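Listing of query35.cif, mmCIF, C-alpha atoms
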```cif
data_model
loop_
_atom_site.label_atom_id
_atom_site.label_comp_id
_atom_site.auth_asym_id
_atom_site.auth_seq_id
_atom_site.Cartn_x
_atom_site.Cartn_y
_atom_site.Cartn_z
CA MET H 1 -21.63 28.14 34.76
CA ILE H 2 -21.83 30.55 31.84
CA ARG H 3 -18.14 29.97 31.15
CA LEU H 4 -18.69 26.19 31.14
CA VAL H 5 -21.61 26.49 28.72
CA GLY H 6 -19.55 28.78 26.51
CA SER H 7 -16.68 26.31 26.51
CA LEU H 8 -18.99 23.44 25.56
CA ILE H 9 -20.49 25.46 22.72
CA LEU H 10 -17.03 26.39 21.45
CA PHE H 11 -15.93 22.76 21.64
CA ALA H 12 -19.03 21.64 19.74
CA ILE H 13 -18.38 24.22 17.01
CA MET H 14 -14.72 23.19 16.71
CA ALA H 15 -15.59 19.49 16.68
CA GLY H 16 -18.29 20.05 14.07
CA GLY H 17 -15.88 22.04 11.92
CA TYR H 18 -13.25 19.33 12.17
CA LEU H 19 -15.74 16.60 11.26
CA TYR H 20 -16.98 18.59 8.28
CA PHE H 21 -13.41 19.20 7.06
CA ASP H 22 -12.42 15.57 7.65
CA PHE H 23 -15.56 14.39 5.87
CA ARG H 24 -14.63 16.42 2.80
CA MET H 25 -11.05 15.14 2.93
CA SER H 26 -12.33 11.58 3.27
CA ALA H 27 -14.33 12.01 0.08
CA LYS H 28 -11.16 13.07 -1.73
CA TRP H 29 -9.19 10.18 -0.22
CA ALA H 30 -11.88 7.92 -1.64
CA GLY H 31 -11.22 9.33 -5.10
CA ARG H 32 -14.06 11.88 -5.08
CA GLU H 33 -13.73 15.53 -6.06
CA ASP H 34 -16.56 16.37 -3.70
CA ALA H 35 -18.55 14.59 -1.02
CA GLU H 36 -21.55 13.80 -3.19
CA GLY H 37 -22.63 10.21 -2.75
CA LEU H 38 -20.51 9.59 0.36
CA THR H 39 -23.03 9.15 3.17
CA PHE H 40 -22.39 10.05 6.78
CA GLN H 41 -22.78 6.41 7.80
CA GLU H 42 -19.99 5.47 5.39
CA TYR H 43 -17.85 8.28 6.80
CA VAL H 44 -18.42 7.21 10.41
CA SER H 45 -17.57 3.62 9.44
CA GLY H 46 -14.33 4.81 7.87
CA LEU H 47 -13.53 7.12 10.78
CA THR H 48 -13.96 4.26 13.23
CA GLY H 49 -11.67 2.08 11.12
CA ARG H 50 -9.03 4.77 10.89
CA VAL H 51 -8.99 5.33 14.63
CA ALA H 52 -8.86 1.58 15.27
CA GLY H 53 -6.02 1.15 12.80
CA LEU H 54 -3.97 3.93 14.35
CA THR H 55 -4.48 2.85 17.94
CA GLY H 56 -3.93 -0.81 17.04
CA ALA H 57 -0.37 -0.18 15.93
CA ALA H 58 0.35 2.33 18.68
CA ASN H 59 -0.86 -0.01 21.41
CA ALA H 60 1.18 -2.96 20.14
CA ALA H 61 3.99 -3.38 22.65
CA GLY H 62 7.35 -2.24 21.35
CA MET H 63 6.21 -1.71 17.75
CA PRO H 64 6.58 1.60 15.87
CA SER H 65 3.53 3.36 14.44
CA LYS H 66 5.35 5.81 12.13
CA LEU H 67 6.04 4.45 8.66
CA ALA H 68 9.63 5.70 8.61
CA ASP H 69 10.39 3.77 11.79
CA MET H 70 9.23 0.53 10.14
CA LEU H 71 11.83 0.74 7.37
CA PRO H 72 15.12 -1.15 7.69
CA LYS H 73 18.00 0.04 9.83
CA PRO H 74 21.17 0.74 7.81
CA PRO H 75 23.37 -2.37 7.54
CA GLU H 76 26.88 -2.22 8.92
CA GLY H 77 29.00 0.24 6.92
CA TRP H 78 25.96 2.06 5.52
CA THR H 79 24.41 5.41 6.48
CA VAL H 80 20.81 6.52 6.00
CA ARG H 81 19.19 9.84 5.18
CA ALA H 82 16.11 11.26 3.50
CA ALA H 83 16.17 10.72 -0.26
CA VAL H 84 16.45 13.62 -2.72
CA PRO H 85 15.51 13.74 -6.44
CA ASP H 86 19.13 13.40 -7.61
CA ASP H 87 19.38 10.00 -5.90
CA VAL H 88 17.54 8.35 -8.76
CA LYS H 89 19.94 9.49 -11.50
CA PRO H 90 22.54 6.68 -11.05
CA PHE H 91 19.81 4.12 -11.79
CA LEU H 92 18.73 5.62 -15.12
CA PRO H 93 20.37 4.70 -18.45
CA LYS H 94 23.55 6.64 -19.23
CA SER H 95 21.61 8.18 -22.10
CA THR H 96 17.87 8.61 -21.58
CA LYS H 97 17.32 9.31 -25.27
CA GLY H 98 15.06 6.54 -26.51
CA ALA H 99 14.86 4.96 -23.03
CA ASP H 100 11.61 3.44 -21.77
CA ARG H 101 9.61 6.44 -20.51
CA LYS H 102 7.41 4.29 -18.30
CA ALA H 103 10.44 2.90 -16.52
CA ILE H 104 11.95 6.37 -16.08
CA SER H 105 8.68 7.63 -14.60
CA SER H 106 8.49 4.61 -12.28
CA LEU H 107 11.97 5.28 -10.87
CA GLU H 108 11.36 9.01 -10.54
CA LYS H 109 8.31 8.26 -8.41
CA MET H 110 10.67 6.69 -5.87
CA VAL H 111 11.74 10.19 -4.79
CA GLU H 112 8.45 12.05 -5.13
CA ALA H 113 7.72 14.10 -2.02
CA SER H 114 4.03 13.23 -1.69
CA ALA H 115 1.75 10.43 -2.84
CA GLY H 116 -1.55 12.34 -2.51
CA THR H 117 -3.98 13.76 0.03
CA GLY H 118 -4.05 11.80 3.25
CA THR H 119 -1.39 9.34 2.05
CA GLU H 120 1.78 8.84 4.09
CA ALA H 121 4.95 8.35 2.07
CA VAL H 122 8.62 8.15 3.02
CA THR H 123 11.75 7.40 0.99
CA LEU H 124 15.11 6.73 2.61
CA ALA H 125 18.50 6.62 0.91
CA TYR H 126 21.07 4.17 2.24
CA GLN H 127 24.61 5.15 1.31
CA ASN H 128 27.92 3.28 1.22
CA GLY H 129 30.60 4.94 -0.90
CA ASP H 130 29.29 5.22 -4.45
CA ARG H 131 26.46 2.77 -3.81
CA THR H 132 22.94 3.96 -2.93
CA VAL H 133 19.87 1.89 -2.10
CA LEU H 134 16.48 3.64 -2.08
CA ILE H 135 13.58 2.26 -0.05
CA LYS H 136 10.14 3.82 -0.30
CA ALA H 137 7.00 2.97 1.66
CA VAL H 138 3.53 4.39 1.00
CA ARG H 139 0.60 3.90 3.36
CA TYR H 140 -2.82 4.74 1.95
CA PRO H 141 -5.63 6.09 4.17
CA ASN H 142 -7.67 3.61 6.17
CA ILE H 143 -10.92 4.94 4.75
CA ILE H 144 -10.07 3.43 1.36
CA PHE H 145 -10.34 0.02 3.04
CA THR H 146 -13.42 0.77 5.15
CA SER H 147 -15.71 2.85 2.92
CA PHE H 148 -18.05 1.61 0.24
CA ALA H 149 -17.31 4.79 -1.70
CA ALA H 150 -13.65 3.82 -2.15
CA MET H 151 -14.24 0.29 -3.44
CA GLN H 152 -12.78 1.03 -6.88
CA GLN H 153 -9.60 2.54 -5.46
CA ARG H 154 -9.28 -0.33 -3.00
CA MET H 155 -9.54 -2.84 -5.84
CA GLU H 156 -6.88 -1.00 -7.84
CA LEU H 157 -4.48 -1.13 -4.90
CA GLN H 158 -5.19 -4.82 -4.36
CA MET H 159 -4.54 -5.65 -8.02
CA MET H 160 -1.20 -3.82 -8.31
CA THR H 161 1.52 -6.09 -9.68
CA ALA H 162 4.74 -5.96 -11.71
CA GLU H 163 4.95 -3.08 -14.20
CA PHE H 164 7.53 -4.82 -16.39
CA ARG H 165 8.54 -8.45 -15.79
CA GLY H 166 8.10 -9.89 -12.33
CA THR H 167 10.04 -12.72 -10.78
CA GLU H 168 9.91 -14.14 -7.25
CA PHE H 169 12.81 -12.84 -5.15
CA MET H 170 12.36 -13.59 -1.44
CA THR H 171 9.91 -13.95 1.42
CA VAL H 172 10.62 -11.91 4.56
CA ARG H 173 8.80 -13.15 7.67
CA GLY H 174 5.84 -14.13 5.51
CA LEU H 175 5.95 -11.06 3.24
CA ASP H 176 6.54 -11.95 -0.41
CA VAL H 177 8.98 -9.68 -2.26
CA THR H 178 9.05 -9.65 -6.07
CA GLU H 179 11.73 -8.27 -8.38
CA ASP H 180 10.38 -6.19 -11.26
CA LEU H 181 13.00 -6.59 -14.00
CA LEU H 182 13.66 -3.17 -15.51
CA PRO H 183 14.14 -2.74 -19.29
CA GLU H 184 17.55 -3.00 -20.90
CA GLY H 185 19.89 -0.13 -20.18
CA PHE H 186 18.65 0.73 -16.70
CA ARG H 187 21.28 0.45 -13.98
CA GLY H 188 19.07 -0.62 -11.12
CA ARG H 189 17.14 -3.51 -9.63
CA LEU H 190 13.57 -2.77 -8.55
CA PHE H 191 11.71 -4.80 -5.91
CA PHE H 192 8.18 -4.46 -4.56
CA ALA H 193 5.86 -5.87 -1.92
CA ASP H 194 2.65 -4.82 -0.22
CA VAL H 195 1.06 -5.35 3.19
CA GLY H 196 -2.71 -5.68 3.07
CA ALA H 197 -2.65 -3.71 -0.21
CA GLN H 198 -2.52 -0.62 2.03
CA ILE H 199 1.25 -0.30 2.51
CA HIS H 200 3.27 -0.53 -0.70
CA LEU H 201 7.01 -1.03 -0.46
CA ARG H 202 9.55 -0.32 -3.23
CA VAL H 203 13.30 -1.00 -3.11
CA LEU H 204 15.72 0.29 -5.76
CA ALA H 205 19.27 -1.05 -5.66
CA PRO H 206 22.31 -0.86 -7.96
CA LYS H 207 22.27 -3.50 -10.67
CA ARG H 208 25.67 -4.80 -9.60
CA MET H 209 24.47 -5.72 -6.10
CA LYS H 210 23.99 -9.46 -5.72
CA ASP H 211 21.00 -11.10 -4.04
CA ALA H 212 22.92 -11.97 -0.87
CA GLU H 213 24.06 -8.34 -0.50
CA LEU H 214 20.46 -7.19 -0.45
CA VAL H 215 19.34 -9.51 2.34
CA PRO H 216 20.57 -7.19 5.17
CA PHE H 217 18.23 -4.46 3.90
CA PHE H 218 15.24 -6.73 4.44
CA GLN H 219 16.33 -8.34 7.70
CA SER H 220 15.37 -5.36 9.87
CA LEU H 221 12.22 -4.44 7.92
CA HIS H 222 9.47 -4.29 10.57
CA VAL H 223 6.89 -6.44 8.79
CA GLU H 224 4.90 -7.08 11.97
CA ALA H 225 4.45 -3.35 12.66
CA MET H 226 3.34 -2.79 9.07
CA ASN H 227 0.80 -5.57 9.38
CA ALA H 228 -0.49 -4.09 12.65
CA SER H 229 -1.03 -0.68 11.04
CA VAL H 230 -3.25 -1.74 8.13
CA ILE H 231 -6.95 -2.57 8.03
CA ASP H 232 -6.72 -5.93 6.24
CA LYS H 233 -4.25 -7.69 8.51
CA VAL H 234 -2.77 -11.11 7.74
CA GLU H 235 -2.66 -13.38 10.77
CA GLY H 236 0.92 -14.16 11.80
CA LEU H 237 2.56 -11.91 9.20
CA GLY H 238 5.88 -10.63 10.49
CA LYS H 239 6.02 -13.07 13.40
CA VAL H 240 7.81 -15.90 11.58
CA PRO H 241 11.58 -15.31 11.97
CA VAL H 242 12.41 -16.74 8.54
CA ILE H 243 13.84 -15.10 5.41
CA VAL H 244 13.74 -17.20 2.25
CA LEU H 245 15.90 -16.19 -0.73
CA ALA H 246 14.70 -17.85 -3.92
CA SER H 247 18.07 -17.82 -5.71
CA ALA H 248 19.76 -19.64 -2.81
CA MET H 249 17.50 -22.71 -3.10
CA GLU H 250 18.04 -26.02 -4.80
CA GLN H 251 15.78 -26.79 -7.75
CA ALA H 252 13.28 -28.92 -5.79
CA GLU H 253 13.08 -26.42 -2.94
CA ARG H 254 12.60 -23.55 -5.36
CA GLU H 255 9.76 -25.32 -7.16
CA ALA H 256 7.99 -25.96 -3.85
CA TYR H 257 8.56 -22.34 -2.81
CA LEU H 258 7.13 -20.97 -6.05
CA ALA H 259 4.12 -23.28 -5.80
CA ASP H 260 3.49 -22.09 -2.24
CA ARG H 261 3.66 -18.43 -3.29
CA GLU H 262 1.30 -19.11 -6.17
CA ALA H 263 -1.21 -20.81 -3.88
CA ARG H 264 -1.05 -17.98 -1.32
CA ALA H 265 -1.49 -15.34 -4.03
CA ALA H 266 -4.54 -17.16 -5.41
CA ALA H 267 -6.06 -17.50 -1.93
CA GLU H 268 -5.48 -13.81 -1.24
CA ALA H 269 -7.11 -12.83 -4.54
CA GLU H 270 -10.14 -14.97 -3.71
CA ARG H 271 -10.41 -13.43 -0.25
CA GLU H 272 -10.23 -9.90 -1.64
CA ALA H 273 -12.87 -10.71 -4.27
CA ALA H 274 -15.13 -12.14 -1.56
CA ASP H 275 -14.64 -9.02 0.58
CA ARG H 276 -15.58 -6.78 -2.35
CA ALA H 277 -18.68 -8.86 -3.06
CA ALA H 278 -19.69 -8.63 0.61
CA SER H 279 -19.14 -4.86 0.55
CA GLU H 280 -21.32 -4.53 -2.53
CA GLN H 281 -24.09 -6.50 -0.87
CA ALA H 282 -23.84 -4.42 2.30
CA GLU H 283 -23.91 -1.22 0.27
CA GLY H 284 -27.01 -2.43 -1.56
CA ALA H 285 -28.70 -3.25 1.75
CA GLN H 286 -27.80 0.18 3.15
CA ALA H 287 -29.09 1.94 0.04
CA GLY H 288 -32.31 -0.04 0.21
CA SER H 289 -32.87 1.01 3.82
CA GLY H 290 -32.33 4.68 2.97
CA GLY H 291 -29.10 5.00 5.01
CA GLY H 292 -27.40 8.33 5.46
CA GLY H 293 -30.50 10.26 6.52
CA GLY H 294 -31.33 12.03 9.76
CA PHE H 295 -29.74 15.16 11.23
CA PHE H 296 -26.14 14.28 10.34
CA GLY H 297 -27.14 13.08 6.90
CA GLY H 298 -28.70 16.48 6.19
CA LEU H 299 -25.79 18.35 7.74
CA PHE H 300 -23.19 16.56 5.63
CA GLY H 301 -25.16 16.36 2.41
CA GLY H 302 -25.91 12.63 2.41
CA SER H 303 -27.76 11.09 -0.49
CA GLU H 304 -31.53 11.15 -0.61
CA ALA H 305 -33.30 8.15 0.83
CA GLU H 306 -34.51 6.76 -2.45
CA ASP H 307 -35.48 3.15 -2.92
CA LYS H 308 -32.83 1.38 -4.92
CA PRO H 309 -32.93 -2.18 -6.20
CA ALA H 310 -30.33 -4.42 -4.62
CA PRO H 311 -27.42 -5.13 -6.96
CA ARG H 312 -27.78 -8.39 -8.80
CA GLU H 313 -25.33 -11.18 -8.21
CA THR H 314 -22.26 -10.72 -10.36
CA GLY H 315 -20.75 -14.12 -9.76
CA LYS H 316 -17.37 -12.58 -9.10
CA GLY H 317 -14.44 -14.93 -8.83
CA SER H 318 -10.71 -14.71 -9.39
CA SER H 319 -7.99 -16.63 -11.12
CA CYS H 320 -4.22 -16.31 -11.26
CA THR H 321 -1.90 -17.48 -14.00
CA THR H 322 1.86 -17.20 -14.44
CA GLY H 323 3.11 -16.46 -17.93
CA LYS H 324 6.34 -17.60 -19.55
CA ASP H 325 7.92 -14.30 -18.49
CA GLY H 326 7.28 -15.11 -14.84
CA VAL H 327 4.65 -12.40 -14.34
CA LYS H 328 1.74 -13.44 -12.16
CA ARG H 329 -1.57 -12.03 -13.38
CA CYS H 330 -4.75 -12.17 -11.31
CA THR H 331 -8.14 -11.23 -12.71
CA VAL H 332 -11.54 -10.70 -11.18
CA GLY H 333 -14.30 -12.15 -13.27
CA GLY H 334 -17.38 -10.25 -14.38
CA ASP H 335 -20.91 -11.44 -14.86
#
```

When written as structure tokens, how does the structure in this file appear?
Amino acid sequence: MIRLVGSLILFAIMAGGYLYFDFRMSAKWAGREDAEGLTFQEYVSGLTGRVAGLTGAANAAGMPSKLADMLPKPPEGWTVRAAVPDDVKPFLPKSTKGADRKAISSLEKMVEASAGTGTEAVTLAYQNGDRTVLIKAVRYPNIIFTSFAAMQQRMELQMMTAEFRGTEFMTVRGLDVTEDLLPEGFRGRLFFADVGAQIHLRVLAPKRMKDAELVPFFQSLHVEAMNASVIDKVEGLGKVPVIVLASAMEQAEREAYLADREARAAAEAEREAADRAASEQAEGAQAGSGGGGGFFGGLFGGSEAEDKPAPRETGKGSSCTTGKDGVKRCTVGGD
């Protein structure tokens, strides 16, 4: 009996220590240097979301849960390995003197080992002779998409778009892929896509590779597994066995395709803006009720139960426009 009680006490101490450590890490994942302002209720909400997100992908029949396993299989004649820093050199200008520093930094990030605390990142190098294709996927922590404290970081991830000059490239089983046209002198083609704003995908290919040659690298991308592993899932994403290549279309088909992408992007921006507004209202209601108190609130340093006025309506909305350069820009309105 004494041994059982001792075991329970030890388990409670270990569990409490883990929760305290995870709580502090969650605050950092949410962009905080410390846990001040992150209430225990917010943490529990995020913890529940993280567990649900992990088990959701794992329980999906036949679908991988590890990010590396969701990336494409090497096409015939190609091999695959983990990327190394030198893999990015063939894509840089022959002389980097006077080259666009932002573009150099963007390509170098393709082979960075880590993307930050609690963030899963993997970069694979596909090799065929002197040709290399780099594919990087980054999955950000679930708590960013479940905690009020991480709303700013969540919005930044949702609003990520082309760094240089974006143009529609293809749609893979419902996932839109955009080419970000690199500045003059760079010897690569850069593509990007995101799943629920939580998984960000980057593909870097030699400039001489044609569109049709790149299709095999997207054919085995496990879009459905990616969608299953994020918090903000898109119904049906990854289940449609269709790959649409923009450059292979006739003029009328291409115009319809671009209009459809534009409409879907605008609808997604509106949904994200509505979710943020709902989160703000819920946070205001929680603050007004003095959430985060009690035993756990004291243990984890929750905020004091002070009466706060509910946030006023901000009238947030969103709009998307496409410039002459083909870059789609979405903005969230203020007051």

Could you produce a table of the residues of region 147-195 of chain H lying within 12 Å of region 258-263 of chain H, with the nearest pair of atoms per residue and their separation in Å rounded to one decimal, using all atoms listed in the file, ordered by chain and increasing residue number, as JSON lines?
```
{"residue": "H:Thr167", "atom": "CA", "partner": "H:Leu258", "partner_atom": "CA", "distance": 9.9}
{"residue": "H:Glu168", "atom": "CA", "partner": "H:Leu258", "partner_atom": "CA", "distance": 7.5}
{"residue": "H:Phe169", "atom": "CA", "partner": "H:Leu258", "partner_atom": "CA", "distance": 10.0}
{"residue": "H:Met170", "atom": "CA", "partner": "H:Arg261", "partner_atom": "CA", "distance": 10.1}
{"residue": "H:Thr171", "atom": "CA", "partner": "H:Arg261", "partner_atom": "CA", "distance": 9.0}
{"residue": "H:Gly174", "atom": "CA", "partner": "H:Arg261", "partner_atom": "CA", "distance": 10.0}
{"residue": "H:Leu175", "atom": "CA", "partner": "H:Arg261", "partner_atom": "CA", "distance": 10.1}
{"residue": "H:Asp176", "atom": "CA", "partner": "H:Arg261", "partner_atom": "CA", "distance": 7.7}
{"residue": "H:Val177", "atom": "CA", "partner": "H:Arg261", "partner_atom": "CA", "distance": 10.3}
{"residue": "H:Thr178", "atom": "CA", "partner": "H:Arg261", "partner_atom": "CA", "distance": 10.7}
```

Atomic distance CA of Ala277 (chain H) - CA of Glu235 (chain H), expressed in Å with one decimal: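 For CA of Ala277 (chain H) relative to CA of Glu235 (chain H), the distance reads 21.6 Å.
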
Test item: the PyMOL selection byres ((chain H and resi 140) around 9) resolved as a list in words: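 Expected selection for the PyMOL selection byres ((chain H and resi 140) around 9) here is Trp29, Ala115, Gly116, Gly118, Thr119, Glu120, Ala121, Val138, Arg139, Pro141, Asn142, Ile143, Ile144, Phe145, Ala197, Gln198, Ile199, His200 and Val230 of chain H.
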
Region 203-212 of chain H surroundings by all atoms listed in the file, 6 Å radius, close-in-sequence under 6 positions cut, as a list in words: Val133, Leu134, Ile135, Arg187, Gly188, Arg189, Leu190 and Phe191 of chain H

Box time for region 153-158 of chain H: axis-aligned, enclosing all its listed atoms, 3 Å extra on each side; report centre and edge lengths in Å to one decimal, as JSON.
```
{"center_x": -7.0, "center_y": -1.1, "center_z": -5.4, "size_x": 11.1, "size_y": 13.4, "size_z": 10.8}
```

For CA of Ala266 (chain H) and CA of Val172 (chain H), the interatomic separation in Å (one decimal): 18.9 Å

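You can rank H:Pro93, H:Gly77, H:Gly196, H:Pro85 by their closest distance to Met155 (chain H) using all atoms listed in the file, and at the top of that list sits H:Gly196.
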
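Taking CA of Leu107 (chain H) and CA of Leu92 (chain H) as the two end points, the separation is 8.0 Å.
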
Which residues match the PyMOL selection byres ((chain H and resi 237) around 9) in the file above, as an mmCIF file with C-alpha atoms, keeping the file's coordinate frame?
```cif
data_model
loop_
_atom_site.group_PDB
_atom_site.id
_atom_site.type_symbol
_atom_site.label_atom_id
_atom_site.label_comp_id
_atom_site.auth_asym_id
_atom_site.auth_seq_id
_atom_site.Cartn_x
_atom_site.Cartn_y
_atom_site.Cartn_z
ATOM 1 C CA ARG H 173 8.800 -13.150 7.670
ATOM 2 C CA GLY H 174 5.840 -14.130 5.510
ATOM 3 C CA LEU H 175 5.950 -11.060 3.240
ATOM 4 C CA VAL H 223 6.890 -6.440 8.790
ATOM 5 C CA GLU H 224 4.900 -7.080 11.970
ATOM 6 C CA ASN H 227 0.800 -5.570 9.380
ATOM 7 C CA LYS H 233 -4.250 -7.690 8.510
ATOM 8 C CA VAL H 234 -2.770 -11.110 7.740
ATOM 9 C CA GLU H 235 -2.660 -13.380 10.770
ATOM 10 C CA GLY H 236 0.920 -14.160 11.800
ATOM 11 C CA GLY H 238 5.880 -10.630 10.490
ATOM 12 C CA LYS H 239 6.020 -13.070 13.400
ATOM 13 C CA VAL H 240 7.810 -15.900 11.580
#
```

Distance query Ala137 (chain H) at most 8 Å, only C-alpha atoms, self and fewer than 3 positions along chain excluded, as a short mmCIF file (atom, residue, chain, number, x, y, z; two decimals) with C-alpha atoms, keeping the file's coordinate frame:
```cif
data_model
loop_
_atom_site.label_atom_id
_atom_site.label_comp_id
_atom_site.auth_asym_id
_atom_site.auth_seq_id
_atom_site.Cartn_x
_atom_site.Cartn_y
_atom_site.Cartn_z
CA LEU H 67 6.04 4.45 8.66
CA ALA H 68 9.63 5.70 8.61
CA LEU H 71 11.83 0.74 7.37
CA ALA H 121 4.95 8.35 2.07
CA VAL H 122 8.62 8.15 3.02
CA THR H 123 11.75 7.40 0.99
CA ILE H 199 1.25 -0.30 2.51
CA HIS H 200 3.27 -0.53 -0.70
CA LEU H 201 7.01 -1.03 -0.46
CA ARG H 202 9.55 -0.32 -3.23
#
```

Target residues per the PyMOL selection byres ((chain H and resi 73) around 12), formatted as a ChimeraX atom specification: /H:68-72,74-81,124-127,135,216-222

Option closest in space to Met110 (chain H), from H:Thr96, H:Lys136, H:Ala274, H:Phe186 [counting all atoms listed in the file]: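 Checking each candidate against Met110 (chain H), we get H:Lys136 as the closest.
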
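Of the residues listed (H:Glu163, H:Asp194, H:Ala267, H:Val215), H:Glu163 shows the shortest atom-to-atom separation from Ala103 (chain H); distances use only C-alpha atoms.
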
Could I get region 179-193 of chain H from the block written as a PDB file, in the first residue's frame, with N, CA and C atoms?
```
ATOM      1  N   GLU H 179       4.317  29.796 -57.750  1.00  0.00           N
ATOM      2  CA  GLU H 179       5.739  30.010 -58.011  1.00  0.00           C
ATOM      3  C   GLU H 179       6.105  31.433 -57.610  1.00  0.00           C
ATOM      4  N   ASP H 180       7.162  31.552 -56.825  1.00  0.00           N
ATOM      5  CA  ASP H 180       7.670  32.857 -56.408  1.00  0.00           C
ATOM      6  C   ASP H 180       8.892  33.164 -57.284  1.00  0.00           C
ATOM      7  N   LEU H 181       8.723  34.024 -58.273  1.00  0.00           N
ATOM      8  CA  LEU H 181       9.763  34.280 -59.264  1.00  0.00           C
ATOM      9  C   LEU H 181      10.950  35.007 -58.634  1.00  0.00           C
ATOM     10  N   LEU H 182      12.089  34.323 -58.585  1.00  0.00           N
ATOM     11  CA  LEU H 182      13.293  34.869 -57.967  1.00  0.00           C
ATOM     12  C   LEU H 182      13.881  35.992 -58.817  1.00  0.00           C
ATOM     13  N   PRO H 183      14.643  36.892 -58.211  1.00  0.00           N
ATOM     14  CA  PRO H 183      15.263  37.999 -58.965  1.00  0.00           C
ATOM     15  C   PRO H 183      16.226  37.493 -60.038  1.00  0.00           C
ATOM     16  N   GLU H 184      16.556  38.364 -60.943  1.00  0.00           N
ATOM     17  CA  GLU H 184      17.464  38.052 -62.045  1.00  0.00           C
ATOM     18  C   GLU H 184      18.806  37.557 -61.513  1.00  0.00           C
ATOM     19  N   GLY H 185      19.321  36.530 -62.155  1.00  0.00           N
ATOM     20  CA  GLY H 185      20.629  36.013 -61.786  1.00  0.00           C
ATOM     21  C   GLY H 185      20.578  34.745 -60.961  1.00  0.00           C
ATOM     22  N   PHE H 186      19.465  34.500 -60.295  1.00  0.00           N
ATOM     23  CA  PHE H 186      19.341  33.287 -59.485  1.00  0.00           C
ATOM     24  C   PHE H 186      19.037  32.098 -60.407  1.00  0.00           C
ATOM     25  N   ARG H 187      19.593  30.964 -60.058  1.00  0.00           N
ATOM     26  CA  ARG H 187      19.520  29.794 -60.942  1.00  0.00           C
ATOM     27  C   ARG H 187      18.523  28.754 -60.446  1.00  0.00           C
ATOM     28  N   GLY H 188      17.465  29.226 -59.812  1.00  0.00           N
ATOM     29  CA  GLY H 188      16.476  28.301 -59.294  1.00  0.00           C
ATOM     30  C   GLY H 188      15.062  28.792 -59.492  1.00  0.00           C
ATOM     31  N   ARG H 189      14.117  27.873 -59.301  1.00  0.00           N
ATOM     32  CA  ARG H 189      12.693  28.187 -59.320  1.00  0.00           C
ATOM     33  C   ARG H 189      12.139  27.840 -57.946  1.00  0.00           C
ATOM     34  N   LEU H 190      11.465  28.784 -57.319  1.00  0.00           N
ATOM     35  CA  LEU H 190      10.975  28.604 -55.957  1.00  0.00           C
ATOM     36  C   LEU H 190       9.447  28.529 -55.963  1.00  0.00           C
ATOM     37  N   PHE H 191       8.921  27.505 -55.303  1.00  0.00           N
ATOM     38  CA  PHE H 191       7.471  27.304 -55.216  1.00  0.00           C
ATOM     39  C   PHE H 191       7.062  27.209 -53.746  1.00  0.00           C
ATOM     40  N   PHE H 192       5.827  27.615 -53.451  1.00  0.00           N
ATOM     41  CA  PHE H 192       5.362  27.517 -52.069  1.00  0.00           C
ATOM     42  C   PHE H 192       3.876  27.196 -52.007  1.00  0.00           C
ATOM     43  N   ALA H 193       3.484  26.622 -50.887  1.00  0.00           N
ATOM     44  CA  ALA H 193       2.084  26.316 -50.600  1.00  0.00           C
ATOM     45  C   ALA H 193       1.963  26.173 -49.093  1.00  0.00           C
TER      46      ALA H 193
END
```
